[in-house]
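The block underneath contains the structure these notes are about, expressed in structure tokens.
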Amino acid sequence: MKRRCLVGLLLVLAVLLCACGSTFGVKRSIGESEHYSVREINGAMDAVESHFRRHFDGCRLIELCYDEAFSDKHGEGYAERYKASDVIVLTSSFSVDAGGGDGSLNPNYTYTRWQWILTRSKIGGWTLRDWGY
């Protein structure tokens, strides 16, 4: 009886672990910044990784990048839109399994330059606002 319970528990854990996005071994690339410290950029990356694990089933995050010129260019308008003091735009690459993740992504495909837009107020952490191409 104990063996059956253990096998059942292991199967449930395997299903739960497979039904989420993987961020294991993700490479972080952080360029020079006049706006944010490495700690602040890593905080934004942590928020993206957390969201990715919960919502990108069947996908594996490969790389997260911060490039200040890209972030400044693509982040225009978000501070005003969300009444935030700071905006940061990260890019990433991630792979999708044969099932197409949740079905909305291309199966067996690697997405590159996928954008993640985050904002924060003077007193608070990063909030993920938008993502995609």
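All residue names refer to the structure tokens as shown: chains lettered A, B, ... in order, residues numbered from 1 in each chain, ligands numbered from 1 in order.
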Identify, with DSSP run on backbone atoms, the residues in segment 26-90 of chain A assigned to strand (DSSP E), and express the list as a PDB file with all heavy atoms, in the first residue's frame.
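Okay, this is what ended up in part08.pdb:
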```
ATOM      1  N   LYS A  27      20.083  31.810 -19.045  1.00  0.00           N
ATOM      2  CA  LYS A  27      21.233  32.714 -19.090  1.00  0.00           C
ATOM      3  C   LYS A  27      20.714  34.145 -18.980  1.00  0.00           C
ATOM      4  O   LYS A  27      19.786  34.528 -19.686  1.00  0.00           O
ATOM      5  CB  LYS A  27      21.989  32.552 -20.409  1.00  0.00           C
ATOM      6  CG  LYS A  27      23.162  33.488 -20.541  1.00  0.00           C
ATOM      7  CD  LYS A  27      23.810  33.378 -21.911  1.00  0.00           C
ATOM      8  CE  LYS A  27      24.875  34.452 -22.042  1.00  0.00           C
ATOM      9  NZ  LYS A  27      25.293  34.619 -23.420  1.00  0.00           N
ATOM     10  N   ARG A  28      21.308  34.928 -18.098  1.00  0.00           N
ATOM     11  CA  ARG A  28      20.950  36.334 -17.952  1.00  0.00           C
ATOM     12  C   ARG A  28      22.067  37.187 -18.524  1.00  0.00           C
ATOM     13  O   ARG A  28      23.228  37.030 -18.163  1.00  0.00           O
ATOM     14  CB  ARG A  28      20.721  36.693 -16.484  1.00  0.00           C
ATOM     15  CG  ARG A  28      19.478  36.065 -15.912  1.00  0.00           C
ATOM     16  CD  ARG A  28      19.230  36.514 -14.508  1.00  0.00           C
ATOM     17  NE  ARG A  28      17.949  36.009 -14.009  1.00  0.00           N
ATOM     18  CZ  ARG A  28      17.368  36.447 -12.910  1.00  0.00           C
ATOM     19  NH1 ARG A  28      17.934  37.391 -12.177  1.00  0.00           N
ATOM     20  NH2 ARG A  28      16.212  35.938 -12.527  1.00  0.00           N
ATOM     21  N   SER A  29      21.675  38.095 -19.405  1.00  0.00           N
ATOM     22  CA  SER A  29      22.625  39.006 -20.025  1.00  0.00           C
ATOM     23  C   SER A  29      22.211  40.431 -19.680  1.00  0.00           C
ATOM     24  O   SER A  29      21.122  40.875 -20.047  1.00  0.00           O
ATOM     25  CB  SER A  29      22.613  38.798 -21.538  1.00  0.00           C
ATOM     26  OG  SER A  29      23.471  39.716 -22.165  1.00  0.00           O
ATOM     27  N   ILE A  30      23.069  41.114 -18.947  1.00  0.00           N
ATOM     28  CA  ILE A  30      22.759  42.468 -18.488  1.00  0.00           C
ATOM     29  C   ILE A  30      23.821  43.420 -19.017  1.00  0.00           C
ATOM     30  O   ILE A  30      24.992  43.346 -18.644  1.00  0.00           O
ATOM     31  CB  ILE A  30      22.694  42.538 -16.945  1.00  0.00           C
ATOM     32  CG1 ILE A  30      21.605  41.592 -16.429  1.00  0.00           C
ATOM     33  CG2 ILE A  30      22.466  43.969 -16.487  1.00  0.00           C
ATOM     34  CD1 ILE A  30      21.551  41.471 -14.918  1.00  0.00           C
ATOM     35  N   CYS A  59       7.273  25.079 -22.084  1.00  0.00           N
ATOM     36  CA  CYS A  59       8.290  25.950 -22.682  1.00  0.00           C
ATOM     37  C   CYS A  59       9.506  26.023 -21.757  1.00  0.00           C
ATOM     38  O   CYS A  59       9.394  25.809 -20.557  1.00  0.00           O
ATOM     39  CB  CYS A  59       7.735  27.360 -22.886  1.00  0.00           C
ATOM     40  SG  CYS A  59       6.308  27.424 -23.982  1.00  0.00           S
ATOM     41  N   ARG A  60      10.646  26.302 -22.366  1.00  0.00           N
ATOM     42  CA  ARG A  60      11.879  26.436 -21.597  1.00  0.00           C
ATOM     43  C   ARG A  60      12.522  27.774 -21.919  1.00  0.00           C
ATOM     44  O   ARG A  60      12.854  28.062 -23.071  1.00  0.00           O
ATOM     45  CB  ARG A  60      12.855  25.311 -21.930  1.00  0.00           C
ATOM     46  CG  ARG A  60      14.121  25.338 -21.088  1.00  0.00           C
ATOM     47  CD  ARG A  60      15.039  24.169 -21.396  1.00  0.00           C
ATOM     48  NE  ARG A  60      15.599  24.239 -22.733  1.00  0.00           N
ATOM     49  CZ  ARG A  60      16.686  24.943 -23.073  1.00  0.00           C
ATOM     50  NH1 ARG A  60      17.322  25.652 -22.152  1.00  0.00           N
ATOM     51  NH2 ARG A  60      17.126  24.942 -24.307  1.00  0.00           N
ATOM     52  N   LEU A  61      12.666  28.611 -20.884  1.00  0.00           N
ATOM     53  CA  LEU A  61      13.306  29.909 -21.042  1.00  0.00           C
ATOM     54  C   LEU A  61      14.809  29.696 -21.200  1.00  0.00           C
ATOM     55  O   LEU A  61      15.442  29.048 -20.367  1.00  0.00           O
ATOM     56  CB  LEU A  61      13.003  30.784 -19.820  1.00  0.00           C
ATOM     57  CG  LEU A  61      13.400  32.247 -19.890  1.00  0.00           C
ATOM     58  CD1 LEU A  61      12.711  32.958 -21.053  1.00  0.00           C
ATOM     59  CD2 LEU A  61      13.056  32.944 -18.579  1.00  0.00           C
ATOM     60  N   ILE A  62      15.367  30.225 -22.280  1.00  0.00           N
ATOM     61  CA  ILE A  62      16.782  30.020 -22.582  1.00  0.00           C
ATOM     62  C   ILE A  62      17.622  31.208 -22.127  1.00  0.00           C
ATOM     63  O   ILE A  62      18.669  31.041 -21.507  1.00  0.00           O
ATOM     64  CB  ILE A  62      16.978  29.791 -24.097  1.00  0.00           C
ATOM     65  CG1 ILE A  62      16.200  28.545 -24.539  1.00  0.00           C
ATOM     66  CG2 ILE A  62      18.456  29.682 -24.446  1.00  0.00           C
ATOM     67  CD1 ILE A  62      16.048  28.426 -26.045  1.00  0.00           C
ATOM     68  N   GLU A  63      17.144  32.424 -22.449  1.00  0.00           N
ATOM     69  CA  GLU A  63      17.937  33.610 -22.148  1.00  0.00           C
ATOM     70  C   GLU A  63      17.028  34.805 -21.869  1.00  0.00           C
ATOM     71  O   GLU A  63      15.981  34.960 -22.494  1.00  0.00           O
ATOM     72  CB  GLU A  63      18.853  33.936 -23.321  1.00  0.00           C
ATOM     73  CG  GLU A  63      19.795  35.085 -23.073  1.00  0.00           C
ATOM     74  CD  GLU A  63      20.790  35.300 -24.213  1.00  0.00           C
ATOM     75  OE1 GLU A  63      20.527  34.896 -25.354  1.00  0.00           O
ATOM     76  OE2 GLU A  63      21.848  35.896 -23.924  1.00  0.00           O
ATOM     77  N   LEU A  64      17.449  35.640 -20.928  1.00  0.00           N
ATOM     78  CA  LEU A  64      16.815  36.925 -20.628  1.00  0.00           C
ATOM     79  C   LEU A  64      17.877  37.998 -20.794  1.00  0.00           C
ATOM     80  O   LEU A  64      19.000  37.843 -20.285  1.00  0.00           O
ATOM     81  CB  LEU A  64      16.311  36.968 -19.187  1.00  0.00           C
ATOM     82  CG  LEU A  64      14.899  36.511 -18.909  1.00  0.00           C
ATOM     83  CD1 LEU A  64      14.645  36.504 -17.405  1.00  0.00           C
ATOM     84  CD2 LEU A  64      13.884  37.372 -19.619  1.00  0.00           C
ATOM     85  N   CYS A  65      17.524  39.090 -21.493  1.00  0.00           N
ATOM     86  CA  CYS A  65      18.509  40.135 -21.774  1.00  0.00           C
ATOM     87  C   CYS A  65      17.973  41.519 -21.440  1.00  0.00           C
ATOM     88  O   CYS A  65      16.792  41.798 -21.637  1.00  0.00           O
ATOM     89  CB  CYS A  65      18.872  40.133 -23.258  1.00  0.00           C
ATOM     90  SG  CYS A  65      19.524  38.572 -23.850  1.00  0.00           S
ATOM     91  N   TYR A  66      18.884  42.360 -20.967  1.00  0.00           N
ATOM     92  CA  TYR A  66      18.576  43.776 -20.793  1.00  0.00           C
ATOM     93  C   TYR A  66      19.574  44.570 -21.609  1.00  0.00           C
ATOM     94  O   TYR A  66      20.784  44.483 -21.407  1.00  0.00           O
ATOM     95  CB  TYR A  66      18.670  44.206 -19.328  1.00  0.00           C
ATOM     96  CG  TYR A  66      18.507  45.704 -19.164  1.00  0.00           C
ATOM     97  CD1 TYR A  66      17.270  46.298 -19.321  1.00  0.00           C
ATOM     98  CD2 TYR A  66      19.604  46.512 -18.902  1.00  0.00           C
ATOM     99  CE1 TYR A  66      17.121  47.678 -19.206  1.00  0.00           C
ATOM    100  CE2 TYR A  66      19.466  47.896 -18.781  1.00  0.00           C
ATOM    101  CZ  TYR A  66      18.221  48.464 -18.944  1.00  0.00           C
ATOM    102  OH  TYR A  66      18.070  49.823 -18.837  1.00  0.00           O
ATOM    103  N   ASP A  86       9.040  53.974 -13.331  1.00  0.00           N
ATOM    104  CA  ASP A  86      10.076  53.267 -14.085  1.00  0.00           C
ATOM    105  C   ASP A  86       9.460  52.241 -15.024  1.00  0.00           C
ATOM    106  O   ASP A  86       8.455  51.602 -14.700  1.00  0.00           O
ATOM    107  CB  ASP A  86      11.021  52.523 -13.133  1.00  0.00           C
ATOM    108  CG  ASP A  86      11.827  53.455 -12.267  1.00  0.00           C
ATOM    109  OD1 ASP A  86      12.412  54.407 -12.803  1.00  0.00           O
ATOM    110  OD2 ASP A  86      11.872  53.225 -11.036  1.00  0.00           O
ATOM    111  N   VAL A  87      10.105  52.083 -16.178  1.00  0.00           N
ATOM    112  CA  VAL A  87       9.730  51.070 -17.161  1.00  0.00           C
ATOM    113  C   VAL A  87      11.001  50.365 -17.595  1.00  0.00           C
ATOM    114  O   VAL A  87      12.033  51.005 -17.815  1.00  0.00           O
ATOM    115  CB  VAL A  87       9.056  51.694 -18.405  1.00  0.00           C
ATOM    116  CG1 VAL A  87       8.774  50.633 -19.461  1.00  0.00           C
ATOM    117  CG2 VAL A  87       7.786  52.423 -18.030  1.00  0.00           C
ATOM    118  N   ILE A  88      10.914  49.064 -17.708  1.00  0.00           N
ATOM    119  CA  ILE A  88      12.042  48.298 -18.220  1.00  0.00           C
ATOM    120  C   ILE A  88      11.502  47.286 -19.225  1.00  0.00           C
ATOM    121  O   ILE A  88      10.433  46.701 -19.018  1.00  0.00           O
ATOM    122  CB  ILE A  88      12.831  47.605 -17.077  1.00  0.00           C
ATOM    123  CG1 ILE A  88      14.158  47.054 -17.565  1.00  0.00           C
ATOM    124  CG2 ILE A  88      11.998  46.533 -16.408  1.00  0.00           C
ATOM    125  CD1 ILE A  88      15.093  46.627 -16.448  1.00  0.00           C
ATOM    126  N   VAL A  89      12.219  47.130 -20.334  1.00  0.00           N
ATOM    127  CA  VAL A  89      11.847  46.157 -21.357  1.00  0.00           C
ATOM    128  C   VAL A  89      12.990  45.156 -21.454  1.00  0.00           C
ATOM    129  O   VAL A  89      14.143  45.537 -21.694  1.00  0.00           O
ATOM    130  CB  VAL A  89      11.592  46.823 -22.721  1.00  0.00           C
ATOM    131  CG1 VAL A  89      11.229  45.768 -23.769  1.00  0.00           C
ATOM    132  CG2 VAL A  89      10.491  47.876 -22.612  1.00  0.00           C
ATOM    133  N   LEU A  90      12.662  43.908 -21.264  1.00  0.00           N
ATOM    134  CA  LEU A  90      13.628  42.818 -21.390  1.00  0.00           C
ATOM    135  C   LEU A  90      13.293  42.030 -22.650  1.00  0.00           C
ATOM    136  O   LEU A  90      12.149  42.035 -23.105  1.00  0.00           O
ATOM    137  CB  LEU A  90      13.546  41.883 -20.179  1.00  0.00           C
ATOM    138  CG  LEU A  90      13.721  42.524 -18.804  1.00  0.00           C
ATOM    139  CD1 LEU A  90      13.471  41.494 -17.716  1.00  0.00           C
ATOM    140  CD2 LEU A  90      15.102  43.126 -18.665  1.00  0.00           C
TER     141      LEU A  90
END
```
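Using only C-alpha atoms, the protein and nucleic acid residues lying no more than 9 Å from Thr119 of chain A, apart from those fewer than 2 places from it along its own chain, are Ala44, Tyr78, Ala79, Tyr82, Lys83, Ala84, Ser85, Asp86, Val87, Ile88, Val89, Ile117, Ser121, Gly125, Trp126, Thr127, Leu128 and Arg129 of chain A.
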As an mmCIF file with N, CA, C and O atoms, in the first residue's frame, list the residues of segment 24-97 of chain A assigned to helix (DSSP H, G or I) by DSSP on the backbone atoms of this structure.
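Result saved to out_1.cif:
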```
data_model
loop_
_atom_site.group_PDB
_atom_site.id
_atom_site.type_symbol
_atom_site.label_atom_id
_atom_site.label_comp_id
_atom_site.auth_asym_id
_atom_site.auth_seq_id
_atom_site.Cartn_x
_atom_site.Cartn_y
_atom_site.Cartn_z
ATOM 1 N N VAL A 38 22.351 46.527 -11.250
ATOM 2 C CA VAL A 38 22.250 45.110 -11.603
ATOM 3 C C VAL A 38 21.184 44.441 -10.729
ATOM 4 O O VAL A 38 20.411 43.608 -11.206
ATOM 5 N N ARG A 39 21.117 44.840 -9.476
ATOM 6 C CA ARG A 39 20.108 44.276 -8.557
ATOM 7 C C ARG A 39 18.688 44.592 -9.039
ATOM 8 O O ARG A 39 17.814 43.733 -8.996
ATOM 9 N N GLU A 40 18.462 45.825 -9.494
ATOM 10 C CA GLU A 40 17.134 46.205 -9.985
ATOM 11 C C GLU A 40 16.771 45.435 -11.252
ATOM 12 O O GLU A 40 15.636 44.971 -11.416
ATOM 13 N N ILE A 41 17.727 45.276 -12.153
ATOM 14 C CA ILE A 41 17.483 44.528 -13.388
ATOM 15 C C ILE A 41 17.217 43.064 -13.066
ATOM 16 O O ILE A 41 16.307 42.450 -13.620
ATOM 17 N N ASN A 42 17.988 42.508 -12.140
ATOM 18 C CA ASN A 42 17.746 41.120 -11.738
ATOM 19 C C ASN A 42 16.361 40.967 -11.111
ATOM 20 O O ASN A 42 15.714 39.934 -11.283
ATOM 21 N N GLY A 43 15.887 41.981 -10.396
ATOM 22 C CA GLY A 43 14.538 41.937 -9.833
ATOM 23 C C GLY A 43 13.476 41.845 -10.927
ATOM 24 O O GLY A 43 12.498 41.102 -10.811
ATOM 25 N N ALA A 44 13.668 42.599 -12.007
ATOM 26 C CA ALA A 44 12.747 42.524 -13.142
ATOM 27 C C ALA A 44 12.819 41.145 -13.792
ATOM 28 O O ALA A 44 11.792 40.548 -14.150
ATOM 29 N N MET A 45 14.015 40.614 -13.915
ATOM 30 C CA MET A 45 14.184 39.286 -14.499
ATOM 31 C C MET A 45 13.547 38.214 -13.626
ATOM 32 O O MET A 45 12.958 37.256 -14.132
ATOM 33 N N ASP A 46 13.651 38.378 -12.309
ATOM 34 C CA ASP A 46 12.995 37.436 -11.389
ATOM 35 C C ASP A 46 11.488 37.419 -11.624
ATOM 36 O O ASP A 46 10.857 36.356 -11.618
ATOM 37 N N ALA A 47 10.895 38.601 -11.832
ATOM 38 C CA ALA A 47 9.452 38.695 -12.066
ATOM 39 C C ALA A 47 9.067 37.982 -13.359
ATOM 40 O O ALA A 47 8.046 37.287 -13.421
ATOM 41 N N VAL A 48 9.884 38.129 -14.399
ATOM 42 C CA VAL A 48 9.615 37.447 -15.672
ATOM 43 C C VAL A 48 9.720 35.938 -15.480
ATOM 44 O O VAL A 48 8.846 35.189 -15.935
ATOM 45 N N GLU A 49 10.769 35.488 -14.825
ATOM 46 C CA GLU A 49 10.940 34.048 -14.616
ATOM 47 C C GLU A 49 9.770 33.460 -13.833
ATOM 48 O O GLU A 49 9.283 32.377 -14.148
ATOM 49 N N SER A 50 9.317 34.149 -12.822
ATOM 50 C CA SER A 50 8.183 33.674 -12.031
ATOM 51 C C SER A 50 6.934 33.532 -12.902
ATOM 52 O O SER A 50 6.233 32.515 -12.850
ATOM 53 N N HIS A 51 6.661 34.534 -13.713
ATOM 54 C CA HIS A 51 5.499 34.480 -14.604
ATOM 55 C C HIS A 51 5.665 33.350 -15.626
ATOM 56 O O HIS A 51 4.706 32.617 -15.913
ATOM 57 N N PHE A 52 6.846 33.207 -16.163
ATOM 58 C CA PHE A 52 7.120 32.188 -17.169
ATOM 59 C C PHE A 52 6.851 30.791 -16.609
ATOM 60 O O PHE A 52 6.209 29.972 -17.265
ATOM 61 N N ARG A 53 7.329 30.531 -15.413
ATOM 62 C CA ARG A 53 7.115 29.213 -14.799
ATOM 63 C C ARG A 53 5.634 28.903 -14.635
ATOM 64 O O ARG A 53 5.205 27.779 -14.822
ATOM 65 N N ARG A 54 4.844 29.902 -14.280
ATOM 66 C CA ARG A 54 3.416 29.683 -14.030
ATOM 67 C C ARG A 54 2.572 29.626 -15.295
ATOM 68 O O ARG A 54 1.550 28.944 -15.305
ATOM 69 N N HIS A 55 2.981 30.322 -16.352
ATOM 70 C CA HIS A 55 2.077 30.491 -17.489
ATOM 71 C C HIS A 55 2.582 29.986 -18.833
ATOM 72 O O HIS A 55 1.826 30.026 -19.807
ATOM 73 N N GLU A 68 19.903 48.587 -22.553
ATOM 74 C CA GLU A 68 19.289 49.860 -22.184
ATOM 75 C C GLU A 68 18.737 50.641 -23.377
ATOM 76 O O GLU A 68 17.633 51.195 -23.309
ATOM 77 N N ALA A 69 19.452 50.686 -24.484
ATOM 78 C CA ALA A 69 18.963 51.430 -25.654
ATOM 79 C C ALA A 69 17.667 50.809 -26.178
ATOM 80 O O ALA A 69 16.706 51.514 -26.497
ATOM 81 N N PHE A 70 17.624 49.480 -26.245
ATOM 82 C CA PHE A 70 16.416 48.781 -26.690
ATOM 83 C C PHE A 70 15.272 49.037 -25.715
ATOM 84 O O PHE A 70 14.150 49.324 -26.119
ATOM 85 N N SER A 71 15.561 48.948 -24.431
ATOM 86 C CA SER A 71 14.546 49.158 -23.404
ATOM 87 C C SER A 71 13.971 50.568 -23.474
ATOM 88 O O SER A 71 12.749 50.752 -23.414
ATOM 89 N N ASP A 72 14.835 51.551 -23.614
ATOM 90 C CA ASP A 72 14.379 52.944 -23.697
ATOM 91 C C ASP A 72 13.483 53.150 -24.925
ATOM 92 O O ASP A 72 12.428 53.779 -24.842
ATOM 93 N N LYS A 73 13.913 52.605 -26.056
ATOM 94 C CA LYS A 73 13.160 52.777 -27.299
ATOM 95 C C LYS A 73 11.785 52.111 -27.234
ATOM 96 O O LYS A 73 10.781 52.688 -27.629
ATOM 97 N N HIS A 74 11.738 50.875 -26.739
ATOM 98 C CA HIS A 74 10.494 50.106 -26.750
ATOM 99 C C HIS A 74 9.632 50.315 -25.511
ATOM 100 O O HIS A 74 8.493 49.856 -25.466
ATOM 101 N N TYR A 78 4.846 53.623 -21.789
ATOM 102 C CA TYR A 78 4.333 52.730 -20.746
ATOM 103 C C TYR A 78 4.276 53.396 -19.381
ATOM 104 O O TYR A 78 3.379 53.127 -18.591
ATOM 105 N N ALA A 79 5.229 54.261 -19.071
ATOM 106 C CA ALA A 79 5.232 54.927 -17.763
ATOM 107 C C ALA A 79 3.970 55.765 -17.603
ATOM 108 O O ALA A 79 3.298 55.701 -16.564
ATOM 109 N N GLU A 80 3.641 56.518 -18.631
ATOM 110 C CA GLU A 80 2.434 57.340 -18.574
ATOM 111 C C GLU A 80 1.179 56.467 -18.575
ATOM 112 O O GLU A 80 0.251 56.704 -17.803
ATOM 113 N N ARG A 81 1.176 55.465 -19.422
ATOM 114 C CA ARG A 81 0.016 54.563 -19.533
ATOM 115 C C ARG A 81 -0.314 53.897 -18.202
ATOM 116 O O ARG A 81 -1.468 53.761 -17.839
ATOM 117 N N TYR A 82 0.717 53.455 -17.477
ATOM 118 C CA TYR A 82 0.508 52.733 -16.215
ATOM 119 C C TYR A 82 0.794 53.588 -14.993
ATOM 120 O O TYR A 82 0.817 53.076 -13.881
#
```
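Residue nearest Pro107 of chain A, chosen from A:Ser92, A:Lys122, A:Asp57, A:Gly31 and counting only C-alpha atoms: A:Asp57.
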Polymer residues at most 12 Å from Leu105 of chain A, only C-alpha atoms, same-chain spacing of 2 or more positions, as a count of residues only: 20
